[in-house]
Each structure stands twice: as structure tokens, then as C-alpha cells.
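K.L.:
Here you go, this is data_36.pdb (PDB, C-alpha atoms).
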```
ATOM      1  CA  MET C   1      11.435 -52.475 -33.438  1.00  0.00           C
ATOM      2  CA  GLN C   2       8.940 -49.983 -34.826  1.00  0.00           C
ATOM      3  CA  LEU C   3      10.923 -46.939 -33.687  1.00  0.00           C
ATOM      4  CA  PHE C   4      14.168 -48.048 -35.338  1.00  0.00           C
ATOM      5  CA  GLU C   5      12.411 -49.027 -38.545  1.00  0.00           C
ATOM      6  CA  PHE C   6      10.795 -45.598 -38.770  1.00  0.00           C
ATOM      7  CA  ILE C   7      14.063 -43.810 -38.014  1.00  0.00           C
ATOM      8  CA  ASN C   8      15.956 -45.733 -40.681  1.00  0.00           C
ATOM      9  CA  ARG C   9      13.188 -45.008 -43.174  1.00  0.00           C
ATOM     10  CA  SER C  10      12.702 -41.314 -42.387  1.00  0.00           C
ATOM     11  CA  PRO C  11      15.339 -39.889 -40.007  1.00  0.00           C
ATOM     12  CA  SER C  12      14.438 -36.280 -40.853  1.00  0.00           C
ATOM     13  CA  ASP C  13      10.998 -36.767 -39.271  1.00  0.00           C
ATOM     14  CA  VAL C  14      12.399 -37.490 -35.799  1.00  0.00           C
ATOM     15  CA  PHE C  15      12.278 -34.771 -33.124  1.00  0.00           C
ATOM     16  CA  ILE C  16      13.759 -35.060 -29.632  1.00  0.00           C
ATOM     17  CA  VAL C  17      11.855 -32.882 -27.169  1.00  0.00           C
ATOM     18  CA  ASP C  18      12.172 -31.836 -23.535  1.00  0.00           C
ATOM     19  CA  ILE C  19       9.637 -29.741 -21.629  1.00  0.00           C
ATOM     20  CA  GLU C  20      10.490 -28.367 -18.192  1.00  0.00           C
ATOM     21  CA  THR C  21       7.574 -27.449 -15.962  1.00  0.00           C
ATOM     22  CA  GLY C  22       7.077 -25.683 -12.681  1.00  0.00           C
ATOM     23  CA  PHE C  23       5.757 -27.155  -9.466  1.00  0.00           C
ATOM     24  CA  ASP C  24       2.242 -26.246 -10.612  1.00  0.00           C
ATOM     25  CA  GLY C  25       2.672 -27.972 -13.981  1.00  0.00           C
ATOM     26  CA  VAL C  26       3.018 -24.740 -15.950  1.00  0.00           C
ATOM     27  CA  VAL C  27       5.507 -25.037 -18.815  1.00  0.00           C
ATOM     28  CA  HIS C  28       8.675 -23.033 -18.124  1.00  0.00           C
ATOM     29  CA  GLU C  29      11.068 -24.129 -20.841  1.00  0.00           C
ATOM     30  CA  VAL C  30      11.031 -26.062 -24.116  1.00  0.00           C
ATOM     31  CA  GLY C  31      13.871 -27.626 -26.063  1.00  0.00           C
ATOM     32  CA  ALA C  32      13.694 -29.589 -29.311  1.00  0.00           C
ATOM     33  CA  VAL C  33      16.361 -30.910 -31.669  1.00  0.00           C
ATOM     34  CA  THR C  34      16.351 -33.088 -34.759  1.00  0.00           C
ATOM     35  CA  LEU C  35      18.117 -36.427 -34.951  1.00  0.00           C
ATOM     36  CA  LYS C  36      20.893 -34.704 -36.921  1.00  0.00           C
ATOM     37  CA  GLY C  37      21.384 -32.243 -34.066  1.00  0.00           C
ATOM     38  CA  PHE C  38      19.709 -29.145 -35.493  1.00  0.00           C
ATOM     39  CA  VAL C  39      18.304 -27.037 -32.648  1.00  0.00           C
ATOM     40  CA  VAL C  40      14.651 -26.284 -33.387  1.00  0.00           C
ATOM     41  CA  VAL C  41      13.684 -24.728 -30.053  1.00  0.00           C
ATOM     42  CA  ASP C  42      15.683 -23.614 -27.030  1.00  0.00           C
ATOM     43  CA  THR C  43      13.726 -21.084 -25.024  1.00  0.00           C
ATOM     44  CA  SER C  44      12.001 -20.220 -21.806  1.00  0.00           C
ATOM     45  CA  VAL C  45       8.278 -19.514 -22.083  1.00  0.00           C
ATOM     46  CA  ASN C  46       7.081 -15.925 -22.037  1.00  0.00           C
ATOM     47  CA  TYR C  47       3.615 -15.473 -20.519  1.00  0.00           C
ATOM     48  CA  GLY C  48       3.515 -11.720 -21.088  1.00  0.00           C
ATOM     49  CA  MET C  49       3.889 -10.551 -17.493  1.00  0.00           C
ATOM     50  CA  SER C  50       6.572  -9.589 -15.018  1.00  0.00           C
ATOM     51  CA  LEU C  51       8.527 -12.294 -13.222  1.00  0.00           C
ATOM     52  CA  TYR C  52       7.091 -11.013  -9.954  1.00  0.00           C
ATOM     53  CA  ASP C  53       3.503 -11.467 -11.161  1.00  0.00           C
ATOM     54  CA  PHE C  54       4.366 -14.900 -12.553  1.00  0.00           C
ATOM     55  CA  TYR C  55       5.819 -15.867  -9.189  1.00  0.00           C
ATOM     56  CA  LYS C  56       2.735 -14.624  -7.326  1.00  0.00           C
ATOM     57  CA  LEU C  57       0.447 -16.688  -9.547  1.00  0.00           C
ATOM     58  CA  SER C  58       2.510 -19.802  -8.835  1.00  0.00           C
ATOM     59  CA  GLN C  59       2.027 -19.351  -5.074  1.00  0.00           C
ATOM     60  CA  ASN C  60      -1.764 -19.593  -5.060  1.00  0.00           C
ATOM     61  CA  ASP C  61      -3.172 -22.176  -2.634  1.00  0.00           C
ATOM     62  CA  LEU C  62       0.226 -23.637  -1.755  1.00  0.00           C
ATOM     63  CA  SER C  63       1.687 -24.504   1.626  1.00  0.00           C
ATOM     64  CA  GLU C  64       4.896 -22.815   2.778  1.00  0.00           C
ATOM     65  CA  ASP C  65       6.985 -25.813   1.716  1.00  0.00           C
ATOM     66  CA  GLN C  66       5.262 -25.961  -1.662  1.00  0.00           C
ATOM     67  CA  GLN C  67       5.788 -22.231  -2.160  1.00  0.00           C
ATOM     68  CA  PHE C  68       9.525 -22.704  -1.692  1.00  0.00           C
ATOM     69  CA  ARG C  69       9.591 -25.553  -4.204  1.00  0.00           C
ATOM     70  CA  ALA C  70       7.606 -23.443  -6.670  1.00  0.00           C
ATOM     71  CA  PHE C  71      10.091 -20.601  -6.200  1.00  0.00           C
ATOM     72  CA  CYS C  72      13.021 -22.951  -6.915  1.00  0.00           C
ATOM     73  CA  THR C  73      11.545 -24.156 -10.202  1.00  0.00           C
ATOM     74  CA  ILE C  74      10.942 -20.581 -11.360  1.00  0.00           C
ATOM     75  CA  ASN C  75      14.401 -19.476 -10.276  1.00  0.00           C
ATOM     76  CA  LYS C  76      16.008 -22.367 -12.201  1.00  0.00           C
ATOM     77  CA  THR C  77      14.595 -21.314 -15.555  1.00  0.00           C
ATOM     78  CA  TYR C  78      14.131 -17.595 -15.153  1.00  0.00           C
ATOM     79  CA  ARG C  79      15.772 -15.863 -12.183  1.00  0.00           C
ATOM     80  CA  PRO C  80      14.688 -14.545  -8.781  1.00  0.00           C
ATOM     81  CA  PRO C  81      11.315 -12.776  -9.080  1.00  0.00           C
ATOM     82  CA  ASN C  82      11.540  -9.081  -9.885  1.00  0.00           C
ATOM     83  CA  ARG C  83       9.580  -6.446 -11.766  1.00  0.00           C
ATOM     84  CA  SER C  84      11.253  -7.037 -15.128  1.00  0.00           C
ATOM     85  CA  GLU C  85       9.220  -8.530 -17.957  1.00  0.00           C
ATOM     86  CA  MET C  86       9.560 -12.196 -18.836  1.00  0.00           C
ATOM     87  CA  LYS C  87      11.809 -13.088 -21.742  1.00  0.00           C
ATOM     88  CA  GLY C  88      11.664 -15.988 -24.161  1.00  0.00           C
ATOM     89  CA  SER C  89       9.032 -17.182 -26.632  1.00  0.00           C
ATOM     90  CA  THR C  90       5.304 -17.557 -26.255  1.00  0.00           C
ATOM     91  CA  LEU C  91       3.740 -21.005 -26.496  1.00  0.00           C
ATOM     92  CA  ARG C  92       2.246 -20.006 -29.838  1.00  0.00           C
ATOM     93  CA  GLU C  93       5.695 -19.078 -31.160  1.00  0.00           C
ATOM     94  CA  ILE C  94       7.157 -22.359 -29.908  1.00  0.00           C
ATOM     95  CA  LEU C  95       4.507 -24.351 -31.744  1.00  0.00           C
ATOM     96  CA  GLU C  96       5.193 -22.329 -34.880  1.00  0.00           C
ATOM     97  CA  TYR C  97       8.928 -23.118 -34.613  1.00  0.00           C
ATOM     98  CA  LEU C  98       8.107 -26.826 -34.461  1.00  0.00           C
ATOM     99  CA  MET C  99       5.746 -26.567 -37.411  1.00  0.00           C
ATOM    100  CA  LYS C 100       8.267 -24.644 -39.534  1.00  0.00           C
ATOM    101  CA  ALA C 101      10.892 -27.305 -38.774  1.00  0.00           C
ATOM    102  CA  GLY C 102       8.604 -29.900 -40.329  1.00  0.00           C
ATOM    103  CA  MET C 103       6.905 -31.488 -37.330  1.00  0.00           C
ATOM    104  CA  THR C 104       3.568 -33.039 -38.326  1.00  0.00           C
ATOM    105  CA  ALA C 105       1.142 -35.633 -37.018  1.00  0.00           C
ATOM    106  CA  ASP C 106       3.235 -38.304 -38.753  1.00  0.00           C
ATOM    107  CA  SER C 107       6.534 -37.238 -37.180  1.00  0.00           C
ATOM    108  CA  ILE C 108       8.223 -39.164 -34.388  1.00  0.00           C
ATOM    109  CA  TRP C 109       8.420 -37.464 -30.968  1.00  0.00           C
ATOM    110  CA  VAL C 110      11.157 -38.814 -28.671  1.00  0.00           C
ATOM    111  CA  GLU C 111      11.632 -37.870 -25.017  1.00  0.00           C
ATOM    112  CA  HIS C 112      13.125 -39.380 -21.860  1.00  0.00           C
ATOM    113  CA  SER C 113      10.357 -39.797 -19.315  1.00  0.00           C
ATOM    114  CA  PHE C 114       7.847 -42.083 -17.657  1.00  0.00           C
ATOM    115  CA  GLY C 115       4.515 -42.272 -19.429  1.00  0.00           C
ATOM    116  CA  ASN C 116       5.314 -39.707 -22.133  1.00  0.00           C
ATOM    117  CA  PHE C 117       5.084 -36.963 -19.507  1.00  0.00           C
ATOM    118  CA  ASP C 118       6.385 -34.141 -21.704  1.00  0.00           C
ATOM    119  CA  TYR C 119       4.138 -34.990 -24.636  1.00  0.00           C
ATOM    120  CA  LYS C 120       1.098 -35.007 -22.376  1.00  0.00           C
ATOM    121  CA  ARG C 121       2.081 -31.577 -21.067  1.00  0.00           C
ATOM    122  CA  SER C 122       2.238 -30.253 -24.623  1.00  0.00           C
ATOM    123  CA  ARG C 123      -1.260 -31.514 -25.387  1.00  0.00           C
ATOM    124  CA  LYS C 124      -2.685 -29.370 -22.603  1.00  0.00           C
ATOM    125  CA  TRP C 125      -1.676 -26.107 -24.223  1.00  0.00           C
ATOM    126  CA  ARG C 126      -1.420 -26.734 -27.944  1.00  0.00           C
ATOM    127  CA  GLN C 127      -5.203 -26.925 -28.461  1.00  0.00           C
ATOM    128  CA  LEU C 128      -5.784 -23.640 -26.650  1.00  0.00           C
ATOM    129  CA  ILE C 129      -3.709 -21.397 -28.870  1.00  0.00           C
ATOM    130  CA  LEU C 130      -3.027 -22.929 -32.251  1.00  0.00           C
ATOM    131  CA  LYS C 131      -4.350 -25.630 -34.530  1.00  0.00           C
ATOM    132  CA  HIS C 132      -1.160 -27.604 -34.832  1.00  0.00           C
ATOM    133  CA  ASN C 133      -0.807 -31.273 -35.598  1.00  0.00           C
ATOM    134  CA  LEU C 134       1.775 -32.486 -33.136  1.00  0.00           C
ATOM    135  CA  PRO C 135       2.754 -36.147 -33.599  1.00  0.00           C
ATOM    136  CA  LEU C 136       0.043 -38.685 -32.922  1.00  0.00           C
ATOM    137  CA  GLU C 137       0.329 -40.449 -29.590  1.00  0.00           C
ATOM    138  CA  GLN C 138       1.315 -43.724 -31.250  1.00  0.00           C
ATOM    139  CA  ASN C 139       4.320 -41.873 -32.684  1.00  0.00           C
ATOM    140  CA  VAL C 140       5.654 -40.906 -29.252  1.00  0.00           C
ATOM    141  CA  PHE C 141       8.568 -42.897 -27.822  1.00  0.00           C
ATOM    142  CA  SER C 142      10.624 -42.698 -24.647  1.00  0.00           C
ATOM    143  CA  THR C 143      14.327 -43.480 -24.519  1.00  0.00           C
ATOM    144  CA  LEU C 144      13.783 -44.387 -20.872  1.00  0.00           C
ATOM    145  CA  ASP C 145      11.403 -47.180 -21.889  1.00  0.00           C
ATOM    146  CA  LEU C 146      13.762 -48.142 -24.705  1.00  0.00           C
ATOM    147  CA  TRP C 147      16.785 -48.575 -22.458  1.00  0.00           C
ATOM    148  CA  ARG C 148      14.735 -50.402 -19.829  1.00  0.00           C
ATOM    149  CA  LEU C 149      14.191 -53.017 -22.541  1.00  0.00           C
ATOM    150  CA  LEU C 150      17.813 -53.001 -23.688  1.00  0.00           C
ATOM    151  CA  LEU C 151      19.331 -53.044 -20.171  1.00  0.00           C
ATOM    152  CA  PRO C 152      16.589 -54.402 -17.887  1.00  0.00           C
ATOM    153  CA  GLY C 153      18.873 -55.079 -14.916  1.00  0.00           C
ATOM    154  CA  LEU C 154      20.291 -51.576 -14.665  1.00  0.00           C
ATOM    155  CA  PHE C 155      19.698 -50.007 -11.246  1.00  0.00           C
ATOM    156  CA  SER C 156      18.906 -46.612 -12.763  1.00  0.00           C
ATOM    157  CA  HIS C 157      17.731 -45.583 -16.214  1.00  0.00           C
ATOM    158  CA  GLN C 158      17.991 -41.899 -15.413  1.00  0.00           C
ATOM    159  CA  GLN C 159      19.097 -40.007 -18.495  1.00  0.00           C
ATOM    160  CA  SER C 160      22.295 -38.556 -17.030  1.00  0.00           C
ATOM    161  CA  HIS C 161      23.235 -41.976 -15.644  1.00  0.00           C
ATOM    162  CA  LEU C 162      22.771 -43.643 -19.028  1.00  0.00           C
ATOM    163  CA  PHE C 163      24.736 -40.849 -20.658  1.00  0.00           C
ATOM    164  CA  SER C 164      27.752 -41.482 -18.418  1.00  0.00           C
ATOM    165  CA  LEU C 165      27.346 -45.286 -18.453  1.00  0.00           C
ATOM    166  CA  LEU C 166      27.512 -45.340 -22.247  1.00  0.00           C
ATOM    167  CA  ARG C 167      30.761 -43.353 -21.970  1.00  0.00           C
ATOM    168  CA  LEU C 168      29.317 -40.422 -23.823  1.00  0.00           C
ATOM    169  CA  ASN C 169      31.051 -37.176 -23.057  1.00  0.00           C
ATOM    170  CA  ASP C 170      30.253 -33.653 -24.062  1.00  0.00           C
ATOM    171  CA  PRO C 171      31.412 -30.841 -21.754  1.00  0.00           C
ATOM    172  CA  ALA C 172      28.566 -28.670 -23.009  1.00  0.00           C
ATOM    173  CA  ILE C 173      25.902 -31.000 -21.628  1.00  0.00           C
ATOM    174  CA  SER C 174      27.536 -33.449 -19.208  1.00  0.00           C
ATOM    175  CA  GLY C 175      26.344 -32.927 -15.648  1.00  0.00           C
ATOM    176  CA  LYS C 176      23.493 -30.643 -16.677  1.00  0.00           C
ATOM    177  CA  ARG C 177      20.054 -31.940 -15.750  1.00  0.00           C
ATOM    178  CA  HIS C 178      16.539 -30.583 -16.056  1.00  0.00           C
ATOM    179  CA  ILE C 179      17.564 -27.876 -18.510  1.00  0.00           C
ATOM    180  CA  SER C 180      15.754 -28.332 -21.793  1.00  0.00           C
ATOM    181  CA  LEU C 181      18.489 -28.091 -24.415  1.00  0.00           C
ATOM    182  CA  PRO C 182      21.114 -30.208 -22.582  1.00  0.00           C
ATOM    183  CA  ASP C 183      18.409 -32.781 -21.831  1.00  0.00           C
ATOM    184  CA  THR C 184      17.369 -33.010 -25.485  1.00  0.00           C
ATOM    185  CA  LEU C 185      20.994 -33.381 -26.577  1.00  0.00           C
ATOM    186  CA  MET C 186      21.613 -36.125 -24.006  1.00  0.00           C
ATOM    187  CA  CYS C 187      18.449 -37.873 -25.147  1.00  0.00           C
ATOM    188  CA  ARG C 188      19.613 -37.630 -28.753  1.00  0.00           C
ATOM    189  CA  GLU C 189      22.972 -39.211 -27.928  1.00  0.00           C
ATOM    190  CA  ILE C 190      21.577 -42.183 -26.011  1.00  0.00           C
ATOM    191  CA  LEU C 191      19.029 -42.687 -28.798  1.00  0.00           C
ATOM    192  CA  ARG C 192      21.799 -42.725 -31.403  1.00  0.00           C
ATOM    193  CA  VAL C 193      23.682 -45.404 -29.447  1.00  0.00           C
ATOM    194  CA  ALA C 194      20.539 -47.554 -29.410  1.00  0.00           C
ATOM    195  CA  ILE C 195      20.058 -47.030 -33.162  1.00  0.00           C
ATOM    196  CA  ASP C 196      23.661 -48.051 -33.863  1.00  0.00           C
ATOM    197  CA  GLN C 197      23.270 -51.205 -31.765  1.00  0.00           C
ATOM    198  CA  PHE C 198      20.035 -52.114 -33.540  1.00  0.00           C
ATOM    199  CA  ASN C 199      21.538 -51.630 -36.999  1.00  0.00           C
ATOM    200  CA  LEU C 200      24.600 -53.648 -35.984  1.00  0.00           C
ATOM    201  CA  SER C 201      22.453 -56.548 -34.782  1.00  0.00           C
ATOM    202  CA  MET C 202      20.402 -56.500 -37.989  1.00  0.00           C
ATOM    203  CA  ASN C 203      23.538 -56.723 -40.129  1.00  0.00           C
ATOM    204  CA  GLN C 204      25.056 -59.674 -38.289  1.00  0.00           C
TER
END
```
Take the structure in this file and express it as C-alpha cells.
P.N.:
Amino acid sequence: MQLFEFINRSPSDVFIVDIETGFDGVVHEVGAVTLKGFVVVDTSVNYGMSLYDFYKLSQNDLSEDQQFRAFCTINKTYRPPNRSEMKGSTLREILEYLMKAGMTADSIWVEHSFGNFDYKRSRKWRQLILKHNLPLEQNVFSTLDLWRLLLPGLFSHQQSHLFSLLRLNDPAISGKRHISLPDTLMCREILRVAIDQFNLSMNQ
């Protein structure tokens, strides 16, 4: 497969990424690690305002039920809205971290999602603030799609389910879902299992 061939040829150019967004699609948190496990990014996004103001912006034109869901997504990454300033890194800083780690248009971007959801989210804000060559779309791969090919009859290809099914265990990330760094580390582990299986089959 193209992904495995690229990884075996240039493993240092592989980045596993997770982007957590709010109910309104605004990016709340970004995590990225290399195939070797080096943490490139692990941060919430700082939009330069108080948490209270950020919360108020997220409530615009929403129903009561939607407002509650928006509150929950903010509370998960940040904390209950208050007057304190947001912490974390700006989107510009996050892109600079990726660039300094060696991510280019020719790098491989790996995530666990339907339809490269996280990558498409990143495209919406990268062009607004920084000329940065994120990987080309043909270099984006999903471990969800990968494992649907490897185990087509599985009732769920959810990342945490695959992680436990493959008997992977790491107390630091097991049972943690929709938090960027644990999600990237889980994605990395299930990708590594697939790589090992591919290399084993090629050597038989």
C-alpha cells in the first residue's frame, strides 16, 4: 500500500495529528506527534480573549439545547467560562511548531476520522494567518479507513475500540477519548500495528 511504502522509505516525514473542535466548528485543541513518538504539539488554542467572551461568541444563534452542547465542548478543553484570559497557543504558533518539526507539503498526515475531517478543519485556518505548506491532500491518510480495509467485518472501528481490541495498553492514554494528545498517541499505536503486519506479510 502507498502509505506503508512511504513510511518505510521516510518514517521521519510522518505526523499523526488530532484536532478537537467545538460545536460551532472552531478549533479548541491540537495535538501532533511523530511516528517515533516525539510530541510536536499538545495545546489548547488561545484566541486572545477571556473564556467568558469566548463562550458568549459560541452561543450566537443557537437553540437552548445547542447552547448546552457548545458549553460542554468548551468546558472539556478549557474550563467553565470565567473572566480569566485563555491559555495555550495561537493558531499561528501551532503552525510554526509543525513547520519547525519538519512538516512540509510532502509529509504524510495521519489521523483517525471519516473523510479526513481534522485535515479539512486545518485548511480553513492555515491560509488566513500563515503561508504554511501543510501536507498535500493526497498525502493525508486515516487509520479508520485503513483498519476498515484490514478488518472489514468489525462492528466498530472507533479508535478506542481498536486500541483495546489490539490489546494495546497504556495507562496514560487508555480510556481517554476526544483529547488531542491521547488521541494522537492511540492513533500512532494502531498505525504501528498495521505497519508491523504489512512488513510481516511482505517478508513471508
K.L.:
Show me, as a ChimeraX atom specification, the residues that have an atom within 8 Å of stretch 137-142 of chain C when counting only C-alpha atoms, minus same-chain residues fewer than 2 positions from it.
P.N.:
/C:3,106-114,116,119,135,144-146
K.L.:
Expressed in Å to a single decimal, how great is the separation between atom CA of C:Leu165 and atom CA of C:Arg188?
P.N.:
15.0 Å
K.L.:
Rounded to one decimal in Å, what is the spacing between atom CA of C:Cys187 and atom CA of C:Gln159?
P.N.:
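Those two atoms sit 7.0 Å apart.
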K.L.:
From the set C:Ala101, C:Val193, C:Leu51, C:Leu154, which residue has the shortest atom-to-atom contact distance to C:Phe38, counting all atoms listed in the file?
P.N.:
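Smallest distance to C:Phe38 is found for C:Ala101.
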K.L.:
Residues at most 10 Å from C:Phe54, counting all atoms listed in the file, excluding those fewer than 4 positions away in the same chain, as a count of residues only?
P.N.:
13
K.L.:
In Å, rounded to a single decimal, give me how far atom CA of C:Arg148 is from atom CA of C:Glu29.
P.N.:
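Pair atom CA of C:Glu29 / atom CA of C:Arg148 returns 26.5 Å.
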K.L.:
List the residues matched by the PyMOL selection byres ((chain C and resi 40) around 7) in the displayed structure as a PyMOL selection string, ordered by chain and then by residue number.
P.N.:
chain C and resi 32-33+38-39+41-42+97-98+101
K.L.:
Write out, as a CSV table (one decimal), in the frame of the given file, the residues just selected, with C-alpha atoms.
P.N.:
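What landed in part19.csv:
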```csv
chain,number,residue,atom,x,y,z
C,32,ALA,CA,13.7,-29.6,-29.3
C,33,VAL,CA,16.4,-30.9,-31.7
C,38,PHE,CA,19.7,-29.1,-35.5
C,39,VAL,CA,18.3,-27.0,-32.6
C,41,VAL,CA,13.7,-24.7,-30.1
C,42,ASP,CA,15.7,-23.6,-27.0
C,97,TYR,CA,8.9,-23.1,-34.6
C,98,LEU,CA,8.1,-26.8,-34.5
C,101,ALA,CA,10.9,-27.3,-38.8
```
K.L.:
Pick out the closest residue to C:Cys72 from this set: C:Gln158, C:Thr184, C:Thr21, C:Gln197. Count all atoms listed in the file.
P.N.:
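Counting all atoms listed in the file, the residue closest to C:Cys72 is C:Thr21.
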K.L.:
Closest to C:Ile190 among C:Leu62, C:Ile16, C:Leu95, C:Ile7, using only C-alpha atoms?
P.N.:
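Closest to C:Ile190, using only C-alpha atoms: C:Ile16.
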